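Since the structure comes first, as structure tokens, the remarks are kept for the end.
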Amino acid sequence: MKEEQFNEFLQDEDKKVDYKTIIFEYLLYWPVILAFLVVTLAGAYVYLRYQAPVYSVSSTVLIKQGDKTKYSASSSLASMQDLGMLSMANNFDNELEILQSYTLARKVVDALNLYISYKEDGNFGYDHILYKTSPVQVWMAPDEAEKLPSALQVKLDCTPDGKVGATLNYSVRGEERSIGKSFDKLPAVFITPVGTLNFSAASDSVVAHISTPRTLTATIIPPSVAADGYKGRLSAEPTGEYTSIVRLTFHDSSIRRGMDYLDMLVALYNSDANDDKNQVASRTAQFIDERIHIINTELGTTESELADYKQRAGLTNLSADAQLALQGSSEYDQKRAENTNQLRLINFLRSYIDNPDNKYEVIPANVGLTDAGLTNVIAQYNEMLIERKRLLRSSNENNPMLINLDTSISATRNTVLTTVESVEKGLQITRNNLDLEARKYQVRISNAPQQERELISITRQQEIKANLYLMLLQKREENAITLAAVANNGRVVEEPRAKGLVAPNGRSIYMMALVLGLAFPIGCIYLSRLLRFKIEGRADVERITNITIVGDVPQIKYPEGQPIVVNENKNGLMEEVFRSVRTNIQYMLQEGQKVILFTSTTPGEGKSFNAANLAVSFAFMDRKTVIVGMDIRKPGLNRMFALSHKERGITQYLASPKDTDLLSLCQQSSISPNLYILPGGAIPPNPTELVARQSLDQAIEILKEHFDYIILDTAPIGMVTDTRLIARVADLSVYVCRADYTHKSDYELINELKHDEKLPNLCTLINGINMDKRKNGYYYGYGKYGKYGKYGYGKKYGYGYGYGYGKDNKK
């Protein structure tokens with residue numbers, strides 16, 4: 001049976017949450033919630049008022065990809081890359097990193113002087129950004145600005161007559177410093193301990209004109225710090241998975257500044273890319289110019305020798321035979337000249353490559369070499385060197401990508417040297433063959449006059465020099481065309497334009513303020529509910545126990561010395577309250593049950609007050625009722641009915657039942673003829689042993705024969721064990737708890753008593769409901785009672801100030 005009751009108790013503890021009650025309880029605090037909501041919304045308004053708007057400026061740029069077909073299809077390096085054996089960085093990803101690099105951002109900051117900003121205080125709101133609209137321009141060299149110990153604030157007081165007062169504020173090692181100077185006209189120079197400042201009027205006459213005095217603030221920060229800030233506000237993302245178009249997005253409080261930043265960013269990016277592309281052509285032009293200077297000197301010497309020889313020898317015409325003999329030799333001489341030219345170019349190229357200073361410099365290309373394989377290898381090697389230099393701008397030499405590229409460059413360099421050696425050997429073999437054939441014709445020419453032979457030799461040298469000179473001039477023009485034909489690496493697809501406001505998001509800020517304004521007070525109320533360790537009313541009791549609640553008694557103010565608040569033939573609040581308690585108790589009593597026990601956890605919870613008034617209520621119902629003071633350690637019933645503490649009572653009968661008439665100890669009350677009081681009597685030295693005697697059972701049986709209801713006012717069960725012994729004679733136990741006094745943890749004892757059935761037919765009565773509290777004042781149990789005064793139960797009669805068991809109490 002006990003196990004079934006305990007399982008039923010556990011099921012009752014898992015009952016549904018009454019959300020309606022919870023919502024009503026929170027709505028009682030609507031003024032607090034509304035006030036905090038107004039405060040948060042007002043705070044959001046002020047925040048938005050003083051927060052400068054930030055706009056998004058966007059642009060799209062087409063990144064031109066390198067053409068892989070320009071490398072030789074037969075190149076071993078290209079084949080390895082196509083097969084995936086050699087990992088190369090994606091060119092488009094590299095360009096994205098370059099666009100977002102600190103180096104490029106620093107160049108933009110220096111080009112646009114973005115490390116200097118201007119603002120003007122708003123009357124009620126955020127400061128206004130004066131980008132290119134400031135009537136006075138301040139400038140400091142980037143190198144000096146980089147050395148600033150802190151941000152330099154320059155306050156400018158401008159007047160319509162053109163005078164400007166400048167006040168500088170900065171800090172050095174935490175020490176604030178300030179200096180100032182006035183200028184009658186602009187431009188002006190201000191030499192300060194942290195650098196030289198130049199002041200000038202804006203170039204726009206409309207902007208420069210000042211009709212009323214204005215106060216501006218120019219802020220100068222180190223360009224490196226500014227570059228980091230601007231870099232963080234830029235994002236570059238591809239527009240699609242299969243496109244090479246990048247979308248540049250920049251956030252700034254000035255739309256015009258954002259557009260200028262993106263324009264300058266793309267322009268400087270293209271400038272750097274073009275410089276990289278022109279490196280090969282520049283090196284080639286330098287090489288060709290050097291060779292032209294040497295060949296021009298040699299050609300002039302050869303022509304002078306030819307003119308001197310003809311003049312000295314008096315030669316005017318050559319014989320027809322000599323011409324025919326020399327015709328075949330001339331063809332081989334021409335081939336030998338071309339061969340010699342190629343060998344000299346190869347030698348020049350070898351000396352250039354072997355020079356340690358040119359280890360990571362591009363090799364001159366397009367200088368007249370006829371071997372296509374060598375030309376392709378050199379072009380591939382130059383492209384890799386250019387890629388290395390570009391990677392070094394946004395990374396260091398420890399980058400795995402750069403280490404991999406250095407390995408490829410070394411391999412390609414060896415390929416170039418091997419190819420040069422192979423071409424040189426081939427040219428040497430060709431030269432030997434040409435020399436062999438040329439000797440045949442030289443035998444035929446040997447018979448010609450000495451003068452003719454010498455003339456032909458000089459003429460041949462002159463032709464070789466002239467042909468080489470003309471070829472170099474042609475190559476120089478071709479290289480110049482290459483320099484002029486370089487296209488930009490990035491083409492702007494969409495011009496920079498504003499995309500809208502990104503911060504502050506007014507809707508989100510107001511939504512956050514709304515949520516905070518509701519959540520914070522509700523959270524505080526919820527937290528305060530969690531921290532309430534004392535019961536406040538019926539709802540608290542219902543949440544922590546399933547014991548029947550027979551009534552809840554509100555706090556009222558009663559006249560001094562009149563604790564009995566129930567009056568006959570009246571329908572006041574307390575009369576109705578105790579009538580309801582009386583009715584509920586009658587429903588719980590079975591037929592023939594008469595004994596009602598009142599107890600509590602600790603003193604001061606009002607059990608004597610409620611027991612006395614309930615007894616009066618039974619008496620007014622024409623039921624013969626006796627109230628017995630069973631709290632024999634500290635009798636309180638005497639004070640309830642204004643009896644002397646020396647009155648004889650139940651203790652006399654319990655100590656000597658044979659010599660005492662119990663009914664003679666019962667005193668009729670003046671409140672009602674149906675009400676009798678049996679005081680506790682003298683305080684015994686052994687109260688626990690006294691109530692454990694069989695004489696208590698005999699006393700209750702005698703009272704049952706003469707009274708309709710017997711109410712026992714016992715000691716607090718949480719303090720002593722007397723009540724548990726007395727409970728054997730009771731039919732119903734009323735456990736009194738007091739609002740704002742009884743701890744919620746005390747109901748662990750009540751639930752334990754219920755589960756172990758240590759008190760018969762247990763119910764609880766809530767005492768001292770404070771109707772001043774909003775949740776109790778609107779409605780509580782019996783209807784709308786309105787607000788009543790305080791009623792101090794228990795403590796008025798000594799409970800709560802000490803409980804002296806076994807000692808006489810003083811009046």
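Ligands are numbered from 1 in the order shown, chains are lettered A, B, ... in the order of the structure tokens, and residues start at 1 in each chain.
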Exercise. Which neighbours of A:Ala619 fall inside 10 Å, counting only C-alpha atoms, when residues of the same chain fewer than 4 positions from it are skipped, and could you give them as a list in words?
Worked result: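 Once the nearby chain positions are removed, what remains is Glu568, Asn613, Leu614, Ala615, Arg623, Lys624, Thr625, Val626, Ile671, Ser672, Pro673, Asn674, Leu675, Tyr676, Asp708 and Tyr709 of chain A.
Using only C-alpha atoms, the contacts of A:His251 at a cut-off of 8 Å, with sequence neighbours closer than 2 positions omitted, comprise Val54, Tyr55, Ser56, Val57, Arg233, Leu234, Thr249, Ser253, Gly258 and Val502 of chain A.
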Quick one: write out the picked residues with N, CA, C and O atoms as a PDB file, in the first residue's frame?
```
ATOM      1  N   VAL A  54      28.132  52.547 -42.572  1.00  0.00           N
ATOM      2  CA  VAL A  54      29.171  51.897 -43.369  1.00  0.00           C
ATOM      3  C   VAL A  54      28.495  51.324 -44.612  1.00  0.00           C
ATOM      4  O   VAL A  54      27.507  50.591 -44.508  1.00  0.00           O
ATOM      5  N   TYR A  55      29.034  51.686 -45.789  1.00  0.00           N
ATOM      6  CA  TYR A  55      28.454  51.268 -47.050  1.00  0.00           C
ATOM      7  C   TYR A  55      29.329  50.212 -47.716  1.00  0.00           C
ATOM      8  O   TYR A  55      30.532  50.102 -47.448  1.00  0.00           O
ATOM      9  N   SER A  56      28.711  49.444 -48.574  1.00  0.00           N
ATOM     10  CA  SER A  56      29.427  48.424 -49.342  1.00  0.00           C
ATOM     11  C   SER A  56      29.620  48.927 -50.767  1.00  0.00           C
ATOM     12  O   SER A  56      28.656  49.313 -51.438  1.00  0.00           O
ATOM     13  N   VAL A  57      30.873  48.953 -51.214  1.00  0.00           N
ATOM     14  CA  VAL A  57      31.208  49.359 -52.581  1.00  0.00           C
ATOM     15  C   VAL A  57      31.774  48.137 -53.289  1.00  0.00           C
ATOM     16  O   VAL A  57      32.678  47.466 -52.769  1.00  0.00           O
ATOM     17  N   ARG A 233      39.151  45.426 -44.637  1.00  0.00           N
ATOM     18  CA  ARG A 233      37.811  45.769 -45.124  1.00  0.00           C
ATOM     19  C   ARG A 233      37.586  45.386 -46.574  1.00  0.00           C
ATOM     20  O   ARG A 233      36.532  45.661 -47.130  1.00  0.00           O
ATOM     21  N   LEU A 234      38.586  44.761 -47.191  1.00  0.00           N
ATOM     22  CA  LEU A 234      38.477  44.352 -48.597  1.00  0.00           C
ATOM     23  C   LEU A 234      38.314  42.844 -48.669  1.00  0.00           C
ATOM     24  O   LEU A 234      38.997  42.100 -47.970  1.00  0.00           O
ATOM     25  N   THR A 249      34.849  43.653 -52.987  1.00  0.00           N
ATOM     26  CA  THR A 249      33.882  44.310 -52.099  1.00  0.00           C
ATOM     27  C   THR A 249      34.646  45.043 -51.010  1.00  0.00           C
ATOM     28  O   THR A 249      35.494  44.438 -50.334  1.00  0.00           O
ATOM     29  N   SER A 253      32.855  54.046 -44.681  1.00  0.00           N
ATOM     30  CA  SER A 253      31.835  55.018 -44.296  1.00  0.00           C
ATOM     31  C   SER A 253      31.683  56.123 -45.337  1.00  0.00           C
ATOM     32  O   SER A 253      30.767  56.939 -45.238  1.00  0.00           O
ATOM     33  N   GLY A 258      35.534  54.720 -50.979  1.00  0.00           N
ATOM     34  CA  GLY A 258      35.530  53.316 -51.339  1.00  0.00           C
ATOM     35  C   GLY A 258      35.702  53.108 -52.826  1.00  0.00           C
ATOM     36  O   GLY A 258      36.433  52.204 -53.266  1.00  0.00           O
ATOM     37  N   VAL A 502      25.587  48.547 -45.036  1.00  0.00           N
ATOM     38  CA  VAL A 502      25.881  47.253 -44.400  1.00  0.00           C
ATOM     39  C   VAL A 502      25.925  47.368 -42.879  1.00  0.00           C
ATOM     40  O   VAL A 502      25.728  46.368 -42.182  1.00  0.00           O
TER      41      VAL A 502
END
```
For this session: Between A:Thr370, A:Thr651, A:Gln51, A:Ser408, single out the one closest to A:Leu385, counting only C-alpha atoms.
Result: A:Ser408
Exercise. Could you name the residues that touch A:Tyr587 at 12 Å or less, counting only C-alpha atoms, but leaving out those on the same chain fewer than 3 positions away, as a list in words?
Worked result: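 Once the nearby chain positions are removed, what remains is Thr548, Val550, Ser580, Val581, Arg582, Thr583, Asn584, Gln590, Glu591, Gln593, Leu732, Asn761 and Cys763 of chain A.
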Problem set entry | Which of A:Lys646, A:Lys607, A:Lys658, A:His743 sits closest to A:Lys534 [using only C-alpha atoms] |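 Nearest candidate to A:Lys534 out of A:Lys646, A:Lys607, A:Lys658, A:His743: A:His743.
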For this session: Compile the contact shell of A:Lys744 as a PyMOL selection string: residues with an atom at most 12 Å away, counting only C-alpha atoms, same-chain residues fewer than 4 positions apart removed.
Result: chain A and resi 530-537+539-545+601+737-740+748-751
Write a file of the just-selected residues containing N, CA, C and O atoms, as a JSON list (two decimals), in the first residue's frame.
```
[["chain", "number", "residue", "atom", "x", "y", "z"],
["A", 530, "LEU", "N", 13.66, 31.56, -9.04],
["A", 530, "LEU", "CA", 14.48, 30.41, -8.67],
["A", 530, "LEU", "C", 15.15, 30.61, -7.31],
["A", 530, "LEU", "O", 15.41, 29.65, -6.59],
["A", 531, "LEU", "N", 15.46, 31.87, -6.99],
["A", 531, "LEU", "CA", 16.17, 32.16, -5.75],
["A", 531, "LEU", "C", 15.24, 32.31, -4.55],
["A", 531, "LEU", "O", 15.72, 32.52, -3.43],
["A", 532, "ARG", "N", 13.94, 32.24, -4.80],
["A", 532, "ARG", "CA", 13.00, 32.33, -3.67],
["A", 532, "ARG", "C", 12.97, 30.98, -2.95],
["A", 532, "ARG", "O", 12.47, 29.99, -3.49],
["A", 533, "PHE", "N", 13.51, 30.96, -1.76],
["A", 533, "PHE", "CA", 13.57, 29.71, -1.01],
["A", 533, "PHE", "C", 12.44, 29.59, 0.01],
["A", 533, "PHE", "O", 12.39, 28.62, 0.77],
["A", 534, "LYS", "N", 11.52, 30.57, 0.02],
["A", 534, "LYS", "CA", 10.36, 30.50, 0.90],
["A", 534, "LYS", "C", 9.10, 30.50, 0.06],
["A", 534, "LYS", "O", 9.04, 31.12, -1.00],
["A", 535, "ILE", "N", 8.09, 29.80, 0.55],
["A", 535, "ILE", "CA", 6.83, 29.76, -0.19],
["A", 535, "ILE", "C", 6.15, 31.13, -0.13],
["A", 535, "ILE", "O", 6.32, 31.87, 0.84],
["A", 536, "GLU", "N", 5.37, 31.42, -1.17],
["A", 536, "GLU", "CA", 4.66, 32.70, -1.21],
["A", 536, "GLU", "C", 3.16, 32.51, -1.30],
["A", 536, "GLU", "O", 2.42, 33.46, -1.06],
["A", 537, "GLY", "N", 2.71, 31.33, -1.69],
["A", 537, "GLY", "CA", 1.29, 31.12, -1.81],
["A", 537, "GLY", "C", 0.97, 29.72, -2.27],
["A", 537, "GLY", "O", 1.81, 28.81, -2.29],
["A", 539, "ALA", "N", 0.35, 28.48, -5.22],
["A", 539, "ALA", "CA", 1.03, 27.96, -6.41],
["A", 539, "ALA", "C", 2.37, 27.33, -6.05],
["A", 539, "ALA", "O", 2.74, 26.27, -6.60],
["A", 540, "ASP", "N", 3.12, 27.94, -5.13],
["A", 540, "ASP", "CA", 4.41, 27.37, -4.72],
["A", 540, "ASP", "C", 4.22, 26.03, -4.04],
["A", 540, "ASP", "O", 4.98, 25.09, -4.26],
["A", 541, "VAL", "N", 3.19, 25.95, -3.19],
["A", 541, "VAL", "CA", 2.95, 24.71, -2.46],
["A", 541, "VAL", "C", 2.52, 23.61, -3.42],
["A", 541, "VAL", "O", 2.96, 22.45, -3.31],
["A", 542, "GLU", "N", 1.68, 23.95, -4.39],
["A", 542, "GLU", "CA", 1.20, 22.93, -5.33],
["A", 542, "GLU", "C", 2.33, 22.38, -6.19],
["A", 542, "GLU", "O", 2.26, 21.25, -6.66],
["A", 543, "ARG", "N", 3.40, 23.20, -6.41],
["A", 543, "ARG", "CA", 4.50, 22.74, -7.24],
["A", 543, "ARG", "C", 5.42, 21.77, -6.50],
["A", 543, "ARG", "O", 6.14, 20.99, -7.14],
["A", 544, "ILE", "N", 5.44, 21.81, -5.17],
["A", 544, "ILE", "CA", 6.43, 21.01, -4.45],
["A", 544, "ILE", "C", 5.80, 19.87, -3.64],
["A", 544, "ILE", "O", 6.52, 19.09, -3.03],
["A", 545, "THR", "N", 4.46, 19.78, -3.62],
["A", 545, "THR", "CA", 3.82, 18.68, -2.88],
["A", 545, "THR", "C", 2.47, 18.38, -3.49],
["A", 545, "THR", "O", 1.86, 19.23, -4.17],
["A", 601, "THR", "N", 6.30, 23.06, 10.99],
["A", 601, "THR", "CA", 7.71, 22.66, 10.97],
["A", 601, "THR", "C", 8.48, 23.35, 12.07],
["A", 601, "THR", "O", 9.23, 22.71, 12.83],
["A", 737, "CYS", "N", 1.74, 25.92, 7.26],
["A", 737, "CYS", "CA", 2.93, 26.60, 6.75],
["A", 737, "CYS", "C", 2.59, 28.07, 6.54],
["A", 737, "CYS", "O", 1.41, 28.42, 6.36],
["A", 738, "ARG", "N", 3.58, 28.89, 6.58],
["A", 738, "ARG", "CA", 3.35, 30.34, 6.54],
["A", 738, "ARG", "C", 4.07, 30.94, 5.33],
["A", 738, "ARG", "O", 5.26, 30.68, 5.11],
["A", 739, "ALA", "N", 3.33, 31.72, 4.55],
["A", 739, "ALA", "CA", 3.90, 32.37, 3.37],
["A", 739, "ALA", "C", 5.00, 33.34, 3.79],
["A", 739, "ALA", "O", 4.88, 34.03, 4.82],
["A", 740, "ASP", "N", 6.06, 33.37, 3.00],
["A", 740, "ASP", "CA", 7.23, 34.22, 3.23],
["A", 740, "ASP", "C", 7.92, 33.90, 4.55],
["A", 740, "ASP", "O", 8.65, 34.73, 5.10],
["A", 748, "GLU", "N", 10.13, 18.81, 2.19],
["A", 748, "GLU", "CA", 10.72, 17.48, 2.12],
["A", 748, "GLU", "C", 10.29, 16.66, 3.34],
["A", 748, "GLU", "O", 10.00, 15.47, 3.23],
["A", 749, "LEU", "N", 10.23, 17.35, 4.50],
["A", 749, "LEU", "CA", 9.75, 16.68, 5.71],
["A", 749, "LEU", "C", 8.27, 16.34, 5.59],
["A", 749, "LEU", "O", 7.83, 15.24, 5.95],
["A", 750, "ILE", "N", 7.49, 17.29, 5.06],
["A", 750, "ILE", "CA", 6.05, 17.04, 4.93],
["A", 750, "ILE", "C", 5.79, 15.88, 3.99],
["A", 750, "ILE", "O", 4.97, 14.99, 4.26],
["A", 751, "ASN", "N", 6.49, 15.85, 2.84],
["A", 751, "ASN", "CA", 6.32, 14.75, 1.89],
["A", 751, "ASN", "C", 6.76, 13.43, 2.50],
["A", 751, "ASN", "O", 6.16, 12.37, 2.23]]
```
For this session: Write out as a VMD selection string which residues come within 12 Å of A:Asn94 when counting only C-alpha atoms, dropping same-chain ones fewer than 6 positions away.
Result: chain A and resid 63 65 88 100 to 101 236 244 387 to 388 390 to 395 401 to 402
For this session: Run DSSP on the backbone and grab whatever in stretch 633-662 of chain A lands in helix (DSSP H, G or I); send it over as a list in words.
Result: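 So, restricting stretch 633-662 of chain A to helix (DSSP H, G or I), we get Leu637, Asn638, Arg639, Met640, Ile650, Thr651, Gln652, Tyr653, Leu654, Ala655, Pro657, Lys658, Asp659 and Leu662 of chain A.
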For this session: Run DSSP on the backbone and grab whatever in stretch 580-681 of chain A lands in strand (DSSP E); send it over as a list in words.
Result: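 Output for stretch 580-681 of chain A, strand (DSSP E) only: Val595, Ile596, Leu597, Phe598, Thr599, Ser600, Thr625, Val626, Ile627, Val628, Gly629, Gln667, Gln668, Leu675, Tyr676, Ile677 and Leu678 of chain A.
Across the structure, atom CA of A:Ile191 and atom CA of A:Val154 are spaced 13.2 Å apart.
The residue that comes closest to A:Glu752, out of A:Met574, A:Val734, A:Met264, A:Ile547 and on the basis of only C-alpha atoms, is A:Ile547.
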